[in-house]
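Q: Okay, here's the structure, questions in a sec.
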Amino acid sequence: MGSSVRELAAATPGTRDRYVDLLRVASLGTVVLGHWLMAVVTGDEVGNLLAVVPGLQLLTWVLQIMPVFFFVGGFSHALSYRSLRRKQPDGSVYSAFLRARLQRLLRPTVVFILVWGAAALIVQLLGGDSGLTGVAMRLVAQPLWFIGIYLAMVAFTPPLLKLHERYGWGAFGALVAGAVLVDVARFAGHVPFVEFLNFAFVWLAVHQLGFLRADGRIRMPVALAAAGLAGAAALVAFGPYPLSMVGMPGEKVSNMAPPTLALLCHGLWLVGAVELLRAPGARLAARPKVWRGVVAANGVAMTAFLWHLTAMLGVYGAMLALDVTLPAPATAAWWAQVPVRIAAALVLTALLVTAFRSFERPASAKPGPGSGGPVAALGITLCLFGVLGLSMVGFGGMLQGRTAMLVAVRVTAPVAVAMALVGWLLVERAGRRTPRPVVS
């Protein structure tokens, strides 16, 4: 792998925005480390360090960095779609765009779902789905919510990019207005289920900032950061919003699920902050050793993200099996054990990446003329509901039919797995070359 990474790094064109790639790696890495640090295992239960030490929740205002990943996604999607649009002005751009953007996302995700789905079936048939094993089968699927949101961003890129090209900041403002109206209807009007609309409005607004960045239209990052930080602080201080920018167990209102206006303000603050660091970040990413590390990490980032909770729970499972003492959370002994647990999780994640990284390598795509748009749209819709459903219900209850509420619909693990797999196959089919008819 070393030589290929070196070659890829050396072949990087000078026009590439390396800072964007650095942000992508740094944001996912921060999420992984945050999950490893926040997990608190006591016997058969998995809790959250932020619930044990509420004062640490303020750190989420810096470390809840997923908005940066979605912002970077918007930037990359704009460039990718425009490039395809220039090369393929024949109506097949949408399906080609979906397949090009989703190969490295869906293939490792499908493998993860198949492996964990099969393992969950075997465990349940053997009657071993109790204790920490049962908890693990639910928790390992939680990061799939991110995949679902990202799928929606890819699917909505063409129409939202068109709106951006016509209205610029106005298109972003409309999404923000939608998020405001949803929270007003939710908290003041008590309208049922309306809060789920902010999965779209909040995250697509952050994604839309990536379009603005692609066109060089974020010219006052200080103002963006200050407005976002002040807005989030005011909403938390005077509104119904919690301090934590990540979900907390047992809370009545979460800033994350579904997203709130406070989380959108948090996203604005983070986007402004990373734009302020753009010049030093670009200089850092331009260093040959740093850039090779970014290239290497980008090549396995999605695989590592999918399997990092599996690794963490595997470490805790091994400690319990070996009768290693688990100190009380947040005590001095617990903090002293943190570096060892994280190092072990890092090693196990590396082993899992080695086993599954080949699925993250994109296959050669040969899109051509055809009417793959409707098929691609259906495929990405099924994938979206499948992975979001799995993120909520988990892999537990594959045989018992345990359900979870997805918006206003109840889903089971087998149905969610089926939707994800069928959707992926449709996306793959839609992006392949359609043979031209032979004219005699």
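Letters A, B, ... go to the chains of the structure tokens in the order shown; residues in each chain start at 1; ligands are counted from 1 in the same order.
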Applying 8 Å and only C-alpha atoms, which residues near Val135 (chain A) remain after dropping the ones on its own chain fewer than 6 positions away? List them as a PyMOL selection string.
A: chain A and resi 44-46
Q: Please report as a Markdown table every residue of region 59-152 of chain A lying within 10 Å of region 317-325 of chain A, along with the nearest atom pair and their distance in Å (one decimal), using only C-alpha atoms.
A:
| residue | atom | partner | partner_atom | distance |
| --- | --- | --- | --- | --- |
| A:Leu132 | CA | A:Gly317 | CA | 7.4 |
| A:Thr133 | CA | A:Gly317 | CA | 8.2 |
| A:Ala136 | CA | A:Gly317 | CA | 9.5 |
Q: So that I can check the surroundings of region 180-189 of chain A, please list as a ChimeraX atom specification every protein, DNA and RNA residue that reaches within 8 Å of it, counting only C-alpha atoms and ignoring chain neighbours fewer than 3 positions away.
A: /A:176-177,192,194-195,197-198,240,260-261
Q: What's around Val154 (chain A) at 10 Å? Count only C-alpha atoms, leave out sequence neighbours fewer than 4 positions away in its own chain, and write the answer as a PDB file with N, CA and C atoms, in the first residue's frame.
A:
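Writing done, so here's around.pdb:
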ATOM      1  N   GLY A  73     -18.380  17.670   2.033  1.00  0.00           N
ATOM      2  CA  GLY A  73     -19.122  16.898   1.046  1.00  0.00           C
ATOM      3  C   GLY A  73     -19.792  17.786   0.019  1.00  0.00           C
ATOM      4  N   GLY A  74     -20.402  18.897   0.459  1.00  0.00           N
ATOM      5  CA  GLY A  74     -21.027  19.818  -0.473  1.00  0.00           C
ATOM      6  C   GLY A  74     -20.041  20.388  -1.468  1.00  0.00           C
ATOM      7  N   HIS A  77     -19.118  17.509  -3.910  1.00  0.00           N
ATOM      8  CA  HIS A  77     -20.240  17.135  -4.779  1.00  0.00           C
ATOM      9  C   HIS A  77     -20.466  18.172  -5.880  1.00  0.00           C
ATOM     10  N   ALA A  78     -20.294  19.442  -5.532  1.00  0.00           N
ATOM     11  CA  ALA A  78     -20.454  20.493  -6.546  1.00  0.00           C
ATOM     12  C   ALA A  78     -19.425  20.328  -7.661  1.00  0.00           C
ATOM     13  N   TYR A  81     -20.225  16.992  -9.750  1.00  0.00           N
ATOM     14  CA  TYR A  81     -21.398  17.056 -10.618  1.00  0.00           C
ATOM     15  C   TYR A  81     -21.161  17.984 -11.807  1.00  0.00           C
ATOM     16  N   TYR A  94     -27.218  12.210 -13.890  1.00  0.00           N
ATOM     17  CA  TYR A  94     -27.650  11.923 -12.523  1.00  0.00           C
ATOM     18  C   TYR A  94     -27.228  10.526 -12.077  1.00  0.00           C
ATOM     19  N   PHE A  97     -23.494  10.319 -11.753  1.00  0.00           N
ATOM     20  CA  PHE A  97     -23.045  11.042 -10.567  1.00  0.00           C
ATOM     21  C   PHE A  97     -23.269  10.207  -9.305  1.00  0.00           C
ATOM     22  N   LEU A  98     -24.457   9.606  -9.195  1.00  0.00           N
ATOM     23  CA  LEU A  98     -24.746   8.788  -8.025  1.00  0.00           C
ATOM     24  C   LEU A  98     -23.761   7.646  -7.882  1.00  0.00           C
ATOM     25  N   ARG A 101     -20.206   8.879  -6.949  1.00  0.00           N
ATOM     26  CA  ARG A 101     -20.059   9.372  -5.593  1.00  0.00           C
ATOM     27  C   ARG A 101     -20.311   8.297  -4.533  1.00  0.00           C
ATOM     28  N   LEU A 102     -21.105   7.273  -4.884  1.00  0.00           N
ATOM     29  CA  LEU A 102     -21.546   6.333  -3.857  1.00  0.00           C
ATOM     30  C   LEU A 102     -20.789   5.015  -3.832  1.00  0.00           C
ATOM     31  N   ILE A 149     -27.764  10.108   5.960  1.00  0.00           N
ATOM     32  CA  ILE A 149     -27.796  11.547   5.696  1.00  0.00           C
ATOM     33  C   ILE A 149     -26.932  11.886   4.485  1.00  0.00           C
ATOM     34  N   TYR A 150     -25.786  11.250   4.387  1.00  0.00           N
ATOM     35  CA  TYR A 150     -24.891  11.527   3.257  1.00  0.00           C
ATOM     36  C   TYR A 150     -25.518  11.072   1.935  1.00  0.00           C
ATOM     37  N   PRO A 158     -28.000  17.584  -7.339  1.00  0.00           N
ATOM     38  CA  PRO A 158     -28.336  18.252  -8.607  1.00  0.00           C
ATOM     39  C   PRO A 158     -29.374  19.369  -8.466  1.00  0.00           C
ATOM     40  N   HIS A 207     -24.594  21.452   4.038  1.00  0.00           N
ATOM     41  CA  HIS A 207     -24.107  20.961   2.743  1.00  0.00           C
ATOM     42  C   HIS A 207     -24.086  22.094   1.716  1.00  0.00           C
ATOM     43  N   ILE A 380     -31.377   4.897  -4.456  1.00  0.00           N
ATOM     44  CA  ILE A 380     -30.828   5.687  -3.352  1.00  0.00           C
ATOM     45  C   ILE A 380     -31.882   5.912  -2.270  1.00  0.00           C
TER      46      ILE A 380
END
Q: Which residue gives the smallest distance to Gly396 (chain A) among A:Ala413, A:Val53, A:Val274, A:Leu126, with only C-alpha atoms counted?
A: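 Smallest separation from Gly396 (chain A) among the options: A:Ala413.
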Q: Can you check which residues of region 58-243 of chain A DSSP gives as helix (DSSP H, G or I) on the backbone and send them as an NGL selection string?
A: :A and (58-63 or 66-87 or 93-125 or 131-139 or 144-167 or 169-187 or 194-214 or 221-238)
Q: Skip Ala420 (chain A) itself and residues of its chain fewer than 4 positions away, then list as a PyMOL selection string all residues within 7 Å of it, counting only C-alpha atoms.
A: chain A and resi 382-383+386-387+416+424
Q: Write the residues of the selection above to a file with all heavy atoms, as an mmCIF file, in the first residue's frame.
A:
data_model
loop_
_atom_site.group_PDB
_atom_site.id
_atom_site.type_symbol
_atom_site.label_atom_id
_atom_site.label_comp_id
_atom_site.auth_asym_id
_atom_site.auth_seq_id
_atom_site.Cartn_x
_atom_site.Cartn_y
_atom_site.Cartn_z
ATOM 1 N N LEU A 382 -34.248 3.677 -1.415
ATOM 2 C CA LEU A 382 -34.268 2.439 -0.639
ATOM 3 C C LEU A 382 -33.048 2.342 0.271
ATOM 4 O O LEU A 382 -33.153 1.927 1.437
ATOM 5 C CB LEU A 382 -34.333 1.238 -1.582
ATOM 6 C CG LEU A 382 -35.669 1.014 -2.296
ATOM 7 C CD1 LEU A 382 -35.536 -0.103 -3.331
ATOM 8 C CD2 LEU A 382 -36.765 0.670 -1.289
ATOM 9 N N CYS A 383 -31.881 2.690 -0.250
ATOM 10 C CA CYS A 383 -30.671 2.683 0.577
ATOM 11 C C CYS A 383 -30.824 3.621 1.764
ATOM 12 O O CYS A 383 -30.461 3.280 2.899
ATOM 13 C CB CYS A 383 -29.465 3.110 -0.257
ATOM 14 S SG CYS A 383 -28.798 1.848 -1.341
ATOM 15 N N GLY A 386 -33.166 2.141 4.250
ATOM 16 C CA GLY A 386 -32.589 0.921 4.797
ATOM 17 C C GLY A 386 -31.526 1.199 5.848
ATOM 18 O O GLY A 386 -31.578 0.656 6.963
ATOM 19 N N VAL A 387 -30.574 2.056 5.530
ATOM 20 C CA VAL A 387 -29.487 2.306 6.484
ATOM 21 C C VAL A 387 -29.972 3.139 7.667
ATOM 22 O O VAL A 387 -29.522 2.937 8.807
ATOM 23 C CB VAL A 387 -28.271 2.968 5.803
ATOM 24 C CG1 VAL A 387 -27.684 2.045 4.754
ATOM 25 C CG2 VAL A 387 -28.616 4.316 5.201
ATOM 26 N N ALA A 416 -35.017 -3.597 6.868
ATOM 27 C CA ALA A 416 -34.014 -2.550 6.633
ATOM 28 C C ALA A 416 -32.838 -3.101 5.831
ATOM 29 O O ALA A 416 -32.339 -2.446 4.909
ATOM 30 C CB ALA A 416 -33.533 -1.978 7.961
ATOM 31 N N TRP A 424 -28.857 -0.667 -3.131
ATOM 32 C CA TRP A 424 -27.476 -0.653 -3.637
ATOM 33 C C TRP A 424 -27.393 -1.284 -5.015
ATOM 34 O O TRP A 424 -26.717 -0.755 -5.917
ATOM 35 C CB TRP A 424 -26.568 -1.391 -2.657
ATOM 36 C CG TRP A 424 -25.205 -1.679 -3.203
ATOM 37 C CD1 TRP A 424 -24.234 -0.773 -3.518
ATOM 38 C CD2 TRP A 424 -24.664 -2.959 -3.528
ATOM 39 N NE1 TRP A 424 -23.117 -1.412 -4.004
ATOM 40 C CE2 TRP A 424 -23.360 -2.760 -4.019
ATOM 41 C CE3 TRP A 424 -25.155 -4.258 -3.436
ATOM 42 C CZ2 TRP A 424 -22.536 -3.809 -4.426
ATOM 43 C CZ3 TRP A 424 -24.328 -5.303 -3.836
ATOM 44 C CH2 TRP A 424 -23.059 -5.080 -4.334
#
Q: Compile the contact shell of Gly423 (chain A) as a PDB file with N, CA and C atoms, in the first residue's frame: residues with an atom at most 9 Å away, counting only C-alpha atoms, same-chain residues fewer than 2 positions apart removed.
A:
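Ended up saving to result_16.pdb:
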ATOM      1  N   ALA A 376     -31.918   4.968 -10.484  1.00  0.00           N
ATOM      2  CA  ALA A 376     -30.956   5.458  -9.496  1.00  0.00           C
ATOM      3  C   ALA A 376     -31.669   6.143  -8.338  1.00  0.00           C
ATOM      4  N   LEU A 378     -34.745   5.586  -7.238  1.00  0.00           N
ATOM      5  CA  LEU A 378     -35.383   4.554  -6.425  1.00  0.00           C
ATOM      6  C   LEU A 378     -34.345   3.837  -5.570  1.00  0.00           C
ATOM      7  N   GLY A 379     -33.190   3.528  -6.173  1.00  0.00           N
ATOM      8  CA  GLY A 379     -32.143   2.829  -5.437  1.00  0.00           C
ATOM      9  C   GLY A 379     -31.634   3.615  -4.250  1.00  0.00           C
ATOM     10  N   ILE A 380     -31.377   4.897  -4.456  1.00  0.00           N
ATOM     11  CA  ILE A 380     -30.828   5.687  -3.352  1.00  0.00           C
ATOM     12  C   ILE A 380     -31.882   5.912  -2.270  1.00  0.00           C
ATOM     13  N   THR A 381     -33.170   5.961  -2.665  1.00  0.00           N
ATOM     14  CA  THR A 381     -34.241   6.092  -1.672  1.00  0.00           C
ATOM     15  C   THR A 381     -34.315   4.850  -0.791  1.00  0.00           C
ATOM     16  N   LEU A 382     -34.248   3.677  -1.415  1.00  0.00           N
ATOM     17  CA  LEU A 382     -34.268   2.439  -0.639  1.00  0.00           C
ATOM     18  C   LEU A 382     -33.048   2.342   0.271  1.00  0.00           C
ATOM     19  N   CYS A 383     -31.881   2.690  -0.250  1.00  0.00           N
ATOM     20  CA  CYS A 383     -30.671   2.683   0.577  1.00  0.00           C
ATOM     21  C   CYS A 383     -30.824   3.621   1.764  1.00  0.00           C
ATOM     22  N   LEU A 384     -31.357   4.796   1.498  1.00  0.00           N
ATOM     23  CA  LEU A 384     -31.516   5.799   2.541  1.00  0.00           C
ATOM     24  C   LEU A 384     -32.373   5.262   3.682  1.00  0.00           C
ATOM     25  N   GLY A 386     -33.166   2.141   4.250  1.00  0.00           N
ATOM     26  CA  GLY A 386     -32.589   0.921   4.797  1.00  0.00           C
ATOM     27  C   GLY A 386     -31.526   1.199   5.848  1.00  0.00           C
ATOM     28  N   ALA A 418     -32.892  -5.640   3.755  1.00  0.00           N
ATOM     29  CA  ALA A 418     -33.362  -5.898   2.390  1.00  0.00           C
ATOM     30  C   ALA A 418     -33.430  -4.605   1.584  1.00  0.00           C
ATOM     31  N   MET A 419     -33.947  -3.535   2.181  1.00  0.00           N
ATOM     32  CA  MET A 419     -34.037  -2.260   1.468  1.00  0.00           C
ATOM     33  C   MET A 419     -32.657  -1.736   1.088  1.00  0.00           C
ATOM     34  N   ALA A 420     -31.709  -1.837   2.013  1.00  0.00           N
ATOM     35  CA  ALA A 420     -30.356  -1.350   1.735  1.00  0.00           C
ATOM     36  C   ALA A 420     -29.703  -2.136   0.595  1.00  0.00           C
ATOM     37  N   LEU A 421     -29.856  -3.452   0.606  1.00  0.00           N
ATOM     38  CA  LEU A 421     -29.218  -4.285  -0.421  1.00  0.00           C
ATOM     39  C   LEU A 421     -29.860  -4.073  -1.793  1.00  0.00           C
ATOM     40  N   LEU A 425     -28.055  -2.408  -5.216  1.00  0.00           N
ATOM     41  CA  LEU A 425     -28.030  -3.073  -6.523  1.00  0.00           C
ATOM     42  C   LEU A 425     -28.626  -2.179  -7.605  1.00  0.00           C
ATOM     43  N   LEU A 426     -29.674  -1.437  -7.282  1.00  0.00           N
ATOM     44  CA  LEU A 426     -30.279  -0.547  -8.258  1.00  0.00           C
ATOM     45  C   LEU A 426     -29.350   0.609  -8.620  1.00  0.00           C
ATOM     46  N   VAL A 427     -28.670   1.157  -7.617  1.00  0.00           N
ATOM     47  CA  VAL A 427     -27.711   2.236  -7.890  1.00  0.00           C
ATOM     48  C   VAL A 427     -26.576   1.738  -8.774  1.00  0.00           C
ATOM     49  N   GLU A 428     -26.060   0.534  -8.474  1.00  0.00           N
ATOM     50  CA  GLU A 428     -24.995  -0.042  -9.293  1.00  0.00           C
ATOM     51  C   GLU A 428     -25.462  -0.241 -10.734  1.00  0.00           C
TER      52      GLU A 428
END
Q: Which of region 37-265 of chain A end up as strand (DSSP E) when DSSP is run on this backbone - answer as a PyMOL selection string?
A: chain A and resi 39-42+45-48
Q: Those same residues - C-alpha atoms - I'd like them written as a PDB file, in the first residue's frame.
A:
ATOM      1  CA  ALA A  39     -18.085   5.031  25.705  1.00  0.00           C
ATOM      2  CA  VAL A  40     -18.505   3.909  29.312  1.00  0.00           C
ATOM      3  CA  VAL A  41     -18.963   0.158  29.791  1.00  0.00           C
ATOM      4  CA  THR A  42     -20.065  -1.161  33.151  1.00  0.00           C
ATOM      5  CA  GLU A  45     -24.372  -1.686  29.991  1.00  0.00           C
ATOM      6  CA  VAL A  46     -22.815   0.910  27.679  1.00  0.00           C
ATOM      7  CA  GLY A  47     -23.207   4.502  28.824  1.00  0.00           C
ATOM      8  CA  ASN A  48     -21.881   7.933  27.900  1.00  0.00           C
TER       9      ASN A  48
END
Q: I'd like the neighbourhood of Val417 (chain A) as a PyMOL selection string, where a residue qualifies if any of its atoms comes within 12 Å (using only C-alpha atoms), though same-chain residues fewer than 6 positions away should be ignored.
A: chain A and resi 109-118+141+144+382-391+393-395+398+411+423-424
Q: What does the structure give for the distance between CA of Leu139 (chain A) and CA of Pro329 (chain A), in Å to one decimal?
A: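 Here the two named atoms are 19.2 Å from each other.
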Q: Select, from A:Pro221, A:Val271, A:Ala174, A:Trp36, the residue with the minimum atom-to-atom distance to Leu160 (chain A), counting only C-alpha atoms.
A: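 For Leu160 (chain A), the nearest of the candidates is A:Ala174.
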Q: Here is a test: counting only C-alpha atoms, which residue of A:Pro327, A:Gly293, A:Gly314, A:Gly127 is nearest to Ala9 (chain A)?
A: A:Gly293
Q: How many Å lie between CA of Ala96 (chain A) and CA of Thr157 (chain A), rounded to one decimal?
A: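 These two atoms are separated by 12.9 Å.
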